[in-house]
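> The structure file data.cif (mmCIF, C-alpha atoms) is provided below.
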data_structure
loop_
_atom_site.label_atom_id
_atom_site.label_comp_id
_atom_site.auth_asym_id
_atom_site.auth_seq_id
_atom_site.Cartn_x
_atom_site.Cartn_y
_atom_site.Cartn_z
CA MET E 13 114.70 130.55 75.17
CA ASP E 14 114.61 129.61 71.52
CA ARG E 15 115.77 126.09 72.25
CA LEU E 16 113.10 125.86 74.95
CA THR E 17 110.38 126.66 72.43
CA LEU E 18 111.78 124.03 70.08
CA VAL E 19 111.84 121.35 72.80
CA LEU E 20 108.27 122.23 73.82
CA TRP E 21 107.16 122.15 70.21
CA ILE E 22 108.64 118.67 69.70
CA PHE E 23 107.18 117.54 73.03
CA ASP E 24 103.70 118.66 72.04
CA SER E 25 103.98 117.17 68.54
CA VAL E 26 105.04 113.79 69.95
CA THR E 27 102.17 113.88 72.47
CA GLY E 28 99.61 114.85 69.85
CA LEU E 29 100.80 112.28 67.32
CA GLY E 30 100.99 109.61 70.02
CA LEU E 31 97.41 110.39 71.06
CA LEU E 32 96.06 109.99 67.55
CA LEU E 33 97.96 106.75 66.95
CA LEU E 34 97.00 105.25 70.31
CA ALA E 35 93.33 106.19 69.85
CA GLY E 36 93.32 104.64 66.38
CA TRP E 37 95.02 101.44 67.52
CA ALA E 38 92.82 101.11 70.61
CA LEU E 39 89.67 101.42 68.51
CA ALA E 40 90.86 99.23 65.65
CA SER E 41 92.33 96.50 67.81
CA PRO E 42 90.71 93.15 67.01
CA GLN E 43 91.70 91.78 70.41
CA LEU E 44 89.79 93.20 73.34
CA PHE E 45 92.67 92.85 75.77
CA ARG E 46 95.02 94.76 73.51
CA GLY E 47 92.31 97.41 73.12
CA ILE E 48 92.14 97.86 76.90
CA ILE E 49 95.92 98.13 77.20
CA LEU E 50 96.06 100.73 74.44
CA PHE E 51 93.15 102.60 76.02
CA VAL E 52 95.06 102.88 79.30
CA ALA E 53 98.15 104.08 77.42
CA PHE E 54 95.97 106.59 75.56
CA SER E 55 94.58 107.85 78.84
CA LEU E 56 98.09 108.39 80.23
CA MET E 57 99.16 110.28 77.12
CA MET E 58 95.95 112.31 77.31
CA SER E 59 96.68 113.41 80.85
CA ILE E 60 100.13 114.63 79.76
CA ALA E 61 98.36 116.56 77.02
CA TRP E 62 95.96 118.09 79.58
CA VAL E 63 98.97 119.18 81.63
CA ARG E 64 100.47 120.83 78.58
CA ILE E 65 97.34 122.89 77.94
CA ASP E 66 97.43 123.99 81.57
CA ALA E 67 94.52 121.94 82.92
CA PRO E 68 96.03 119.94 85.80
CA ASP E 69 92.56 119.30 87.28
CA VAL E 70 91.44 117.47 84.18
CA ALA E 71 94.79 115.66 84.02
CA LEU E 72 94.25 114.41 87.56
CA ALA E 73 90.70 113.25 86.80
CA GLU E 74 91.82 111.63 83.54
CA ILE E 75 94.67 109.73 85.16
CA ALA E 76 92.70 108.63 88.25
CA ILE E 77 89.46 107.66 86.55
CA GLY E 78 90.53 107.00 82.94
CA ALA E 79 93.84 105.23 83.28
CA GLY E 80 93.54 103.93 86.83
CA LEU E 81 90.05 102.83 87.69
CA THR E 82 88.56 102.33 84.23
CA GLY E 83 91.53 100.14 83.30
CA ALA E 84 90.87 97.89 86.30
CA LEU E 85 87.11 97.90 85.57
CA LEU E 86 87.64 96.94 81.93
CA LEU E 87 90.07 94.16 82.86
CA ALA E 88 87.58 92.73 85.35
CA ALA E 89 84.78 93.03 82.78
CA LEU E 90 86.89 91.23 80.17
CA SER E 91 87.58 88.39 82.56
CA ARG E 92 83.81 87.94 83.01
CA LEU E 93 83.09 87.82 79.28
CA GLY E 94 82.03 84.41 78.05
CA ASP E 95 84.06 81.77 79.81
CA SER E 96 84.05 81.93 83.55
CA GLU E 97 87.70 80.90 83.51
CA PRO E 98 89.48 83.15 81.02
CA THR E 99 92.46 81.74 79.18
CA GLN E 100 95.00 83.11 76.79
CA GLU E 101 92.65 82.41 73.85
CA SER E 102 89.64 84.10 75.39
CA MET E 103 91.71 87.17 76.20
CA ASN E 104 92.90 87.35 72.62
CA ARG E 105 89.49 86.50 71.19
CA PRO E 106 88.83 88.48 67.99
CA ILE E 107 85.72 90.64 67.89
CA GLU E 108 82.81 89.26 65.88
CA ARG E 109 82.84 90.56 62.32
CA SER E 110 79.44 89.61 60.95
CA TYR E 111 77.47 91.54 58.35
CA ARG E 112 75.34 93.18 61.04
CA ALA E 113 78.37 94.16 63.05
CA ARG E 114 79.89 95.76 59.96
CA THR E 115 76.71 97.72 59.16
CA PHE E 116 76.57 98.90 62.73
CA ARG E 117 80.20 99.93 62.61
CA SER E 118 79.85 101.95 59.43
CA LEU E 119 76.70 103.60 60.84
CA THR E 120 78.54 104.54 64.04
CA ALA E 121 81.53 105.75 62.05
CA SER E 122 79.43 108.05 59.86
CA LEU E 123 77.58 109.39 62.90
CA LEU E 124 80.88 110.12 64.65
CA ALA E 125 82.30 111.71 61.51
CA ALA E 126 79.26 114.01 61.38
CA VAL E 127 79.79 114.98 65.03
CA ALA E 128 83.48 115.60 64.35
CA VAL E 129 82.68 117.84 61.37
CA ALA E 130 80.15 119.77 63.48
CA LEU E 131 82.71 120.19 66.27
CA VAL E 132 85.39 121.46 63.88
CA PHE E 133 82.85 123.87 62.42
CA LEU E 134 81.92 125.13 65.90
CA ILE E 135 85.54 125.59 66.90
CA LEU E 136 86.23 127.57 63.71
CA ALA E 137 83.12 129.66 64.38
CA LEU E 138 84.31 130.62 67.87
CA PRO E 139 85.59 134.17 68.25
CA GLY E 140 89.36 133.90 68.27
CA ASP E 141 90.14 136.65 70.75
CA SER E 142 87.54 135.73 73.38
CA GLU E 143 88.64 135.86 77.01
CA GLY E 144 86.21 133.12 77.97
CA LEU E 145 84.53 133.10 81.36
CA GLY E 146 87.84 132.93 83.26
CA ALA E 147 87.83 136.61 84.20
CA GLU E 148 84.25 136.42 85.44
CA VAL E 149 85.03 133.38 87.61
CA ALA E 150 88.11 135.10 89.02
CA ALA E 151 86.07 138.20 89.81
CA SER E 152 83.47 136.32 91.86
CA LEU E 153 85.89 133.80 93.40
CA ASP E 154 85.71 135.55 96.76
CA ALA E 155 81.99 134.84 97.04
CA SER E 156 82.38 131.15 96.19
CA GLY E 157 83.85 130.03 99.52
CA VAL E 158 86.87 128.28 97.98
CA SER E 159 90.08 129.56 96.42
CA SER E 160 90.38 127.03 93.59
CA PRO E 161 88.54 128.36 90.53
CA VAL E 162 87.80 124.84 89.24
CA THR E 163 86.19 123.76 92.51
CA ALA E 164 84.27 127.05 92.61
CA VAL E 165 82.80 126.33 89.18
CA LEU E 166 82.13 122.64 89.82
CA LEU E 167 80.50 122.94 93.24
CA ASN E 168 79.19 126.47 93.38
CA PHE E 169 78.64 128.32 90.11
CA ARG E 170 77.56 125.23 88.19
CA GLY E 171 76.74 122.95 91.09
CA TYR E 172 73.79 121.35 89.33
CA ASP E 173 76.13 119.83 86.74
CA THR E 174 78.02 118.05 89.50
CA LEU E 175 74.73 117.03 91.14
CA LEU E 176 73.60 115.42 87.89
CA GLU E 177 77.00 113.70 87.47
CA LEU E 178 76.63 112.14 90.91
CA LEU E 179 73.14 110.95 89.98
CA VAL E 180 74.45 109.45 86.72
CA LEU E 181 77.03 107.47 88.67
CA LEU E 182 74.35 106.24 91.07
CA LEU E 183 72.09 105.32 88.13
CA ALA E 184 74.92 103.27 86.59
CA LEU E 185 75.18 101.19 89.76
CA LEU E 186 71.37 100.88 89.98
CA GLY E 187 71.43 99.62 86.39
CA VAL E 188 73.97 96.93 87.28
CA TRP E 189 71.98 95.96 90.35
CA SER E 190 68.67 95.97 88.45
CA LEU E 191 70.09 93.47 86.00
CA GLY E 192 70.71 91.23 88.98
CA GLY E 193 74.43 91.83 89.12
CA LEU E 194 76.94 89.09 88.48
CA PRO E 195 77.24 85.87 90.42
CA ALA E 196 79.74 86.01 93.24
CA GLN E 197 83.23 85.04 92.16
CA PRO E 198 84.93 82.31 94.13
CA VAL E 199 87.21 84.13 96.54
CA SER E 200 90.66 82.61 96.48
CA PRO E 201 92.79 83.60 99.46
CA ALA E 202 95.38 86.22 98.62
CA VAL E 203 98.96 85.08 98.35
CA LEU E 204 101.41 86.64 100.77
CA VAL E 205 102.71 89.24 98.32
CA LEU E 206 99.24 90.55 97.50
CA ASP E 207 98.21 90.46 101.14
CA THR E 208 101.28 92.49 102.14
CA LEU E 209 100.78 94.90 99.25
CA ALA E 210 97.15 95.48 100.25
CA ARG E 211 98.13 96.08 103.88
CA ILE E 212 100.72 98.67 102.86
CA LEU E 213 98.84 100.28 100.00
CA ILE E 214 95.33 100.64 101.50
CA PRO E 215 96.35 103.16 104.21
CA VAL E 216 98.35 105.12 101.61
CA LEU E 217 95.35 105.15 99.27
CA LEU E 218 93.04 106.36 102.06
CA LEU E 219 95.50 109.07 103.06
CA SER E 220 95.95 110.20 99.44
CA SER E 221 92.19 110.28 98.96
CA ALA E 222 91.81 112.53 102.00
CA TYR E 223 94.69 114.67 100.76
CA LEU E 224 93.18 115.10 97.28
CA LEU E 225 89.87 116.02 98.87
CA TRP E 226 91.54 118.64 101.06
CA ALA E 227 93.65 119.92 98.16
CA GLY E 228 90.47 120.45 96.12
CA THR E 229 89.58 123.60 98.04
CA HIS E 230 92.67 125.49 96.87
CA ALA E 231 94.45 123.43 94.19
CA PRO E 232 93.72 120.67 91.65
CA GLY E 233 91.89 117.84 93.37
CA GLY E 234 88.38 117.41 94.64
CA ALA E 235 85.59 114.93 95.10
CA PHE E 236 85.85 112.94 91.88
CA GLN E 237 89.61 112.44 92.07
CA ALA E 238 89.50 111.65 95.79
CA GLY E 239 86.54 109.34 95.19
CA ALA E 240 88.43 107.50 92.45
CA VAL E 241 91.38 106.88 94.78
CA LEU E 242 88.99 105.79 97.54
CA GLY E 243 87.25 103.49 95.06
CA ALA E 244 90.64 102.05 94.10
CA ALA E 245 91.17 101.15 97.76
CA GLY E 246 87.85 99.27 97.67
CA VAL E 247 88.85 97.54 94.42
CA LEU E 248 92.17 96.45 95.94
CA LEU E 249 90.42 95.12 99.06
CA SER E 250 87.99 93.17 96.92
CA LEU E 251 90.83 91.77 94.78
CA ALA E 252 92.72 90.71 97.90
CA GLY E 253 89.70 88.63 98.91
CA TRP E 254 88.52 90.93 101.65
CA GLN E 255 84.77 90.99 102.21
CA VAL E 256 82.41 93.37 103.95
CA ARG E 257 80.44 91.79 106.77
CA GLN E 258 76.89 90.97 105.84
CA ARG E 259 75.37 93.41 108.29
CA TYR E 260 77.14 96.39 106.67
CA THR E 261 76.01 95.59 103.16
CA GLY E 262 72.39 96.53 103.74
CA VAL E 263 71.46 99.96 105.02
CA THR E 264 75.04 101.12 105.67
CA LEU E 265 76.11 100.51 102.07
CA ARG E 266 73.03 102.24 100.69
CA LEU E 267 73.48 105.23 102.99
CA LEU E 268 77.07 105.61 101.78
CA LEU E 269 75.93 105.37 98.16
CA ILE E 270 73.32 108.13 98.48
CA ALA E 271 75.20 110.38 100.94
CA GLY E 272 76.60 112.68 98.23
CA PRO E 273 73.53 113.02 96.00
CA SER E 274 71.11 113.42 98.92
CA LEU E 275 73.20 116.08 100.68
CA PHE E 276 73.40 117.90 97.34
CA LEU E 277 69.62 117.70 96.94
CA ALA E 278 69.12 118.84 100.54
CA PHE E 279 71.27 121.91 99.91
CA ALA E 280 69.40 122.57 96.67
CA LEU E 281 66.08 122.48 98.56
CA TYR E 282 67.51 124.61 101.37
CA THR E 283 68.67 127.33 98.99
CA ILE E 284 65.26 127.38 97.27
CA VAL E 285 63.37 127.52 100.58
CA ALA E 286 65.72 130.26 101.81
CA GLY E 287 64.57 132.37 98.88
CA GLN E 288 67.61 132.07 96.64
CA SER E 289 67.92 130.30 93.34
CA LEU E 290 68.89 126.65 93.06
CA LEU E 291 72.23 125.89 94.78
CA GLU E 292 73.03 129.57 95.33
CA TYR E 293 74.81 129.27 98.67
CA PRO E 294 74.94 132.22 101.05
CA PRO E 295 78.52 133.54 100.60
CA GLN E 296 79.44 133.46 104.31
CA ARG E 297 78.52 129.76 104.59
CA ALA E 298 79.53 128.64 101.09
CA GLY E 299 82.96 127.35 102.16
CA VAL E 300 81.58 125.02 104.85
CA MET E 301 78.79 123.80 102.59
CA ILE E 302 81.20 123.01 99.76
CA VAL E 303 83.54 121.06 102.06
CA LEU E 304 80.60 119.07 103.46
CA LEU E 305 79.39 118.35 99.93
CA GLU E 306 82.86 117.27 98.82
CA VAL E 307 83.25 114.88 101.76
CA ALA E 308 79.85 113.28 101.17
CA ALA E 309 80.42 113.14 97.41
CA THR E 310 83.85 111.52 97.85
CA LEU E 311 82.39 108.79 100.07
CA SER E 312 79.56 108.15 97.62
CA ILE E 313 81.78 108.17 94.53
CA GLY E 314 84.33 105.84 96.13
CA THR E 315 81.67 103.41 97.32
CA THR E 316 79.84 103.48 93.99
CA LEU E 317 83.00 102.84 91.97
CA ALA E 318 84.03 99.96 94.24
CA ALA E 319 80.51 98.49 94.07
CA LEU E 320 80.59 98.82 90.27
CA PHE E 321 83.87 96.91 90.21
CA VAL E 322 82.48 94.13 92.39
CA ALA E 323 79.32 94.27 90.23
CA GLU E 324 77.42 91.75 92.29
CA GLY E 325 73.72 92.09 92.94
CA PRO E 326 72.62 93.81 96.15
CA ARG E 327 71.56 90.49 97.71
CA ASN E 328 74.97 88.88 97.78
CA LYS E 329 76.97 92.04 97.65
CA GLU E 330 80.38 92.66 99.05
CA GLY E 331 82.33 95.73 97.97
CA GLN E 332 83.31 98.67 100.02
CA MET Y 12 117.52 123.78 84.21
CA GLN Y 13 114.06 124.11 82.75
CA LEU Y 14 115.38 123.14 79.35
CA PHE Y 15 117.20 120.17 80.85
CA ASN Y 16 114.05 118.90 82.59
CA LEU Y 17 111.95 119.31 79.48
CA ALA Y 18 114.56 117.59 77.30
CA LEU Y 19 114.61 114.67 79.74
CA GLY Y 20 110.82 114.56 79.62
CA LEU Y 21 110.92 114.50 75.85
CA LEU Y 22 113.46 111.66 75.94
CA LEU Y 23 111.17 109.65 78.24
CA LEU Y 24 108.25 110.37 75.95
CA MET Y 25 110.28 108.98 73.05
CA THR Y 26 111.12 105.80 74.97
CA LEU Y 27 107.39 105.20 75.29
CA GLY Y 28 107.53 104.27 71.63
CA GLY Y 29 109.26 101.04 72.63
CA GLY Y 30 106.53 100.39 75.17
CA ILE Y 31 103.83 100.94 72.59
CA TRP Y 32 105.59 98.56 70.21
CA ARG Y 33 105.51 95.82 72.85
CA ALA Y 34 101.85 96.57 73.65
CA LEU Y 35 101.00 96.17 69.98
CA ARG Y 36 103.10 93.08 69.36
CA GLY Y 37 102.46 91.15 72.56
CA PRO Y 38 102.55 88.24 72.13
CA SER Y 39 101.30 87.26 75.59
CA ALA Y 40 98.87 89.28 77.69
CA ALA Y 41 101.53 89.71 80.38
CA ASP Y 42 103.86 91.36 77.83
CA ARG Y 43 101.18 93.90 76.99
CA MET Y 44 100.29 94.49 80.63
CA LEU Y 45 103.92 95.06 81.58
CA SER Y 46 104.42 97.40 78.65
CA VAL Y 47 101.55 99.60 79.82
CA GLN Y 48 102.97 99.51 83.35
CA VAL Y 49 106.30 100.77 81.98
CA PHE Y 50 104.29 103.36 80.08
CA GLY Y 51 102.72 104.43 83.37
CA THR Y 52 106.04 104.66 85.18
CA ALA Y 53 107.45 106.81 82.38
CA ALA Y 54 104.34 109.00 82.43
CA VAL Y 55 104.79 109.52 86.19
CA ALA Y 56 108.41 110.54 85.55
CA VAL Y 57 107.36 112.90 82.74
CA LEU Y 58 104.77 114.49 85.02
CA LEU Y 59 107.37 114.98 87.77
CA LEU Y 60 109.77 116.57 85.27
CA LEU Y 61 107.02 118.87 83.99
CA ALA Y 62 106.18 119.80 87.59
CA GLN Y 63 109.81 120.74 88.11
CA ALA Y 64 110.14 122.57 84.81
CA PHE Y 65 107.05 124.73 85.22
CA GLY Y 66 107.08 124.93 89.01
CA GLN Y 67 103.57 123.48 89.20
CA ALA Y 68 103.38 121.48 92.42
CA ALA Y 69 99.91 120.20 91.51
CA LEU Y 70 101.44 117.95 88.83
CA ARG Y 71 103.14 115.94 91.59
CA ASP Y 72 99.65 115.09 92.87
CA VAL Y 73 98.74 113.83 89.42
CA ALA Y 74 101.87 111.67 89.41
CA LEU Y 75 101.09 110.43 92.94
CA ALA Y 76 97.52 109.49 92.03
CA PHE Y 77 98.62 107.45 89.06
CA ALA Y 78 101.56 105.78 90.80
CA LEU Y 79 99.06 104.49 93.37
CA LEU Y 80 96.39 103.45 90.89
CA ALA Y 81 98.82 101.68 88.54
CA ALA Y 82 99.49 99.14 91.29
CA VAL Y 83 95.75 98.50 91.60
CA THR Y 84 95.43 97.98 87.84
CA ALA Y 85 98.30 95.51 87.91
CA VAL Y 86 96.65 93.57 90.75
CA ALA Y 87 93.34 93.58 88.86
CA PHE Y 88 95.15 92.06 85.89
CA VAL Y 89 96.89 89.36 87.92
CA ARG Y 90 93.83 88.41 89.98
CA ARG Y 91 91.09 88.65 87.40
CA ALA Y 92 92.53 88.33 83.92
CA TRP Y 93 95.64 86.26 84.46
CA ALA Y 94 94.60 83.83 87.23
CA GLU Y 95 94.21 80.82 84.90
CA GLU Y 96 97.51 81.34 83.16
CA VAL Y 97 99.50 81.41 86.40
CA ASP Y 98 98.10 78.04 87.44
CA CYS Y 99 99.00 76.18 84.27
CA ASP Y 100 102.09 78.09 83.21
CA PRO Y 101 105.25 76.40 84.48
CA GLU Y 102 107.33 79.55 84.13
#
Let me see whether you can do it: turn the structure in this file into structure tokens.

Amino acid sequence: MDRLTLVLWIFDSVTGLGLLLLAGWALASPQLFRGIILFVAFSLMMSIAWVRIDAPDVALAEIAIGAGLTGALLLAALSRLGDSEPTQESMNRPIERSYRARTFRSLTASLLAAVAVALVFLILALPGDSEGLGAEVAASLDASGVSSPVTAVLLNFRGYDTLLELLVLLLALLGVWSLGGLPAQPVSPAVLVLDTLARILIPVLLLSSAYLLWAGTHAPGGAFQAGAVLGAAGVLLSLAGWQVRQRYTGVTLRLLLIAGPSLFLAFALYTIVAGQSLLEYPPQRAGVMIVLLEVAATLSIGTTLAALFVAEGPRNKEGQ
Amino acid sequence: MQLFNLALGLLLLMTLGGGIWRALRGPSAADRMLSVQVFGTAAVAVLLLLAQAFGQAALRDVALAFALLAAVTAVAFVRRAWAEEVDCDPE
């Protein structure tokens, strides 16, 4: 048992030290591509750290959205920077270091340092022996309609947070579209290897997305993780040169994008009209409502993430 | 057995150091990309070992999600960031 503690202690020290180093290198990297690579590595290390502090839900979200989808998004964004045809030089292009950039950097750094000091102060001011809200959540878990405490908090007890998160995601896509999106990239036909990979991987991604969604009701998983995997399927399809038919990119695409937020809003209205407070589901129907919400939210999140990756304007859109 | 799994996990975590070194040094973008893919594979293995050590089945889902998404990231790199290099690189 003693040796076990020692191994765990070393494990946690290596993870913590690795996190700090990776974060520092990723931020300080003069080459954007190297920064992205280090960010993905940081995200992976972070999810191991989340596992170690017993938060597998956050680890799953971190690894699916942080390391997986954001990595692909950043790579695609980098390839669109400046030259339309990126080369080795453009990928290793150093960041501009003008006087203004330096002033901005030092301003940001001091602001972040102030936030960090405030956070440390707050953490030190917290009561050390507090139980947190865990016991309260566990006590009212039966009324929530699901057996996973994290899903109960995200979709029932603090449902409005999740509603606002969905709206933020939608707003991000609307922002990209409002700026006109990016011009369509020339679609080169996929080589055989990529084509085969897409054919094998897409069904697995869809199945895993459905599985994560289902798992969310009783174990780590849920709409955001399932949506990220679904979005990854859309990203892979788009990378393999697959395009959505024109007639599905109008109303159908928009309906998919707003399915999650609008169902959420409808439930919010329903609960208010029914005489309860905002998003306070009736306990006997809470389970069904949460599953419906999760399905709609997964579809919307997946579609939004894929559309963000494609990043083309709504006129000449492809995407999921 | 728990100690064995955790020790193996720690060993894998240590080998990531080599991966990070390659990600920092490069020199080519493909070197860095491959190093982070190795990093991902090792992280998946560490997660599986942790799942075994603590009996937390949910960690296998985390490993599954990343194993799937790592392939997508690699494709994104090859198709979007590396396309030019493949055409003109004789290797």
> Residues of chain E within 8 Å of chain Y, using all atoms listed in the file, as a VMD selection string?
chain E and resid 15 to 16 19 to 20 22 to 23 26 to 27 45 to 46 49 to 50 52 to 53 56 to 57 60 63 68 71 to 72 75 to 76 79 to 81 83 to 84 87 to 88 90 to 91 97 to 100 103 206 213 217 220 224 231 to 232 241 244 247 to 248 251
> Suppose a student applies the PyMOL selection byres ((chain E and resi 147-163) around 8) to this structure; what residues should they get, written as number ranges by chain?
E: 69, 143-146, 164-169, 228-232, 234, 295-300, 302
> Atom CA of E:Thr316 to atom CA of E:Leu290: how many Å, to one decimal?
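These atoms are spaced 25.6 Å apart.
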> Which one of E:Arg64, E:Gly314, E:Ser41, E:Gly30 sits closest to Y:Thr26 if you count all atoms listed in the file?
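Ranked by minimum distance to Y:Thr26, first place goes to E:Gly30.
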> Could you check how far atom CA of E:Ser55 sits from atom CA of E:Ala271, in Å to one decimal?
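According to the coordinates, atom CA of E:Ser55 and atom CA of E:Ala271 are separated by 29.5 Å.
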> Spell out the residues picked by the PyMOL selection byres ((chain E and resi 311) around 10) here, as a PyMOL selection string.
chain E and resi 221+235-236+238-240+242-243+268-272+306-310+312-316
> What does the structure give for the distance between atom CA of Y:Ala56 and atom CA of E:Ala38, in Å to one decimal?
23.6 Å
> Which residues are near E:Ile214? Cut-off 9 Å, only C-alpha atoms, ignore same chain within fewer than 2 positions. Put them as a list of chain:residue names.
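Contacts, with the query itself left out: E:Leu209, E:Ala210, E:Arg211, E:Ile212, E:Val216, E:Leu217, E:Leu218, E:Leu219, E:Ala244, E:Ala245, E:Gly246, E:Leu248, E:Leu249.
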> Choose the residue, out of E:Ala286, E:Ser142, E:Gln237, E:Ser25, that has the smallest atom-to-atom separation from E:Ala73; count all atoms listed in the file.
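Looking at the shortest contact to E:Ala73, the residue is E:Gln237.
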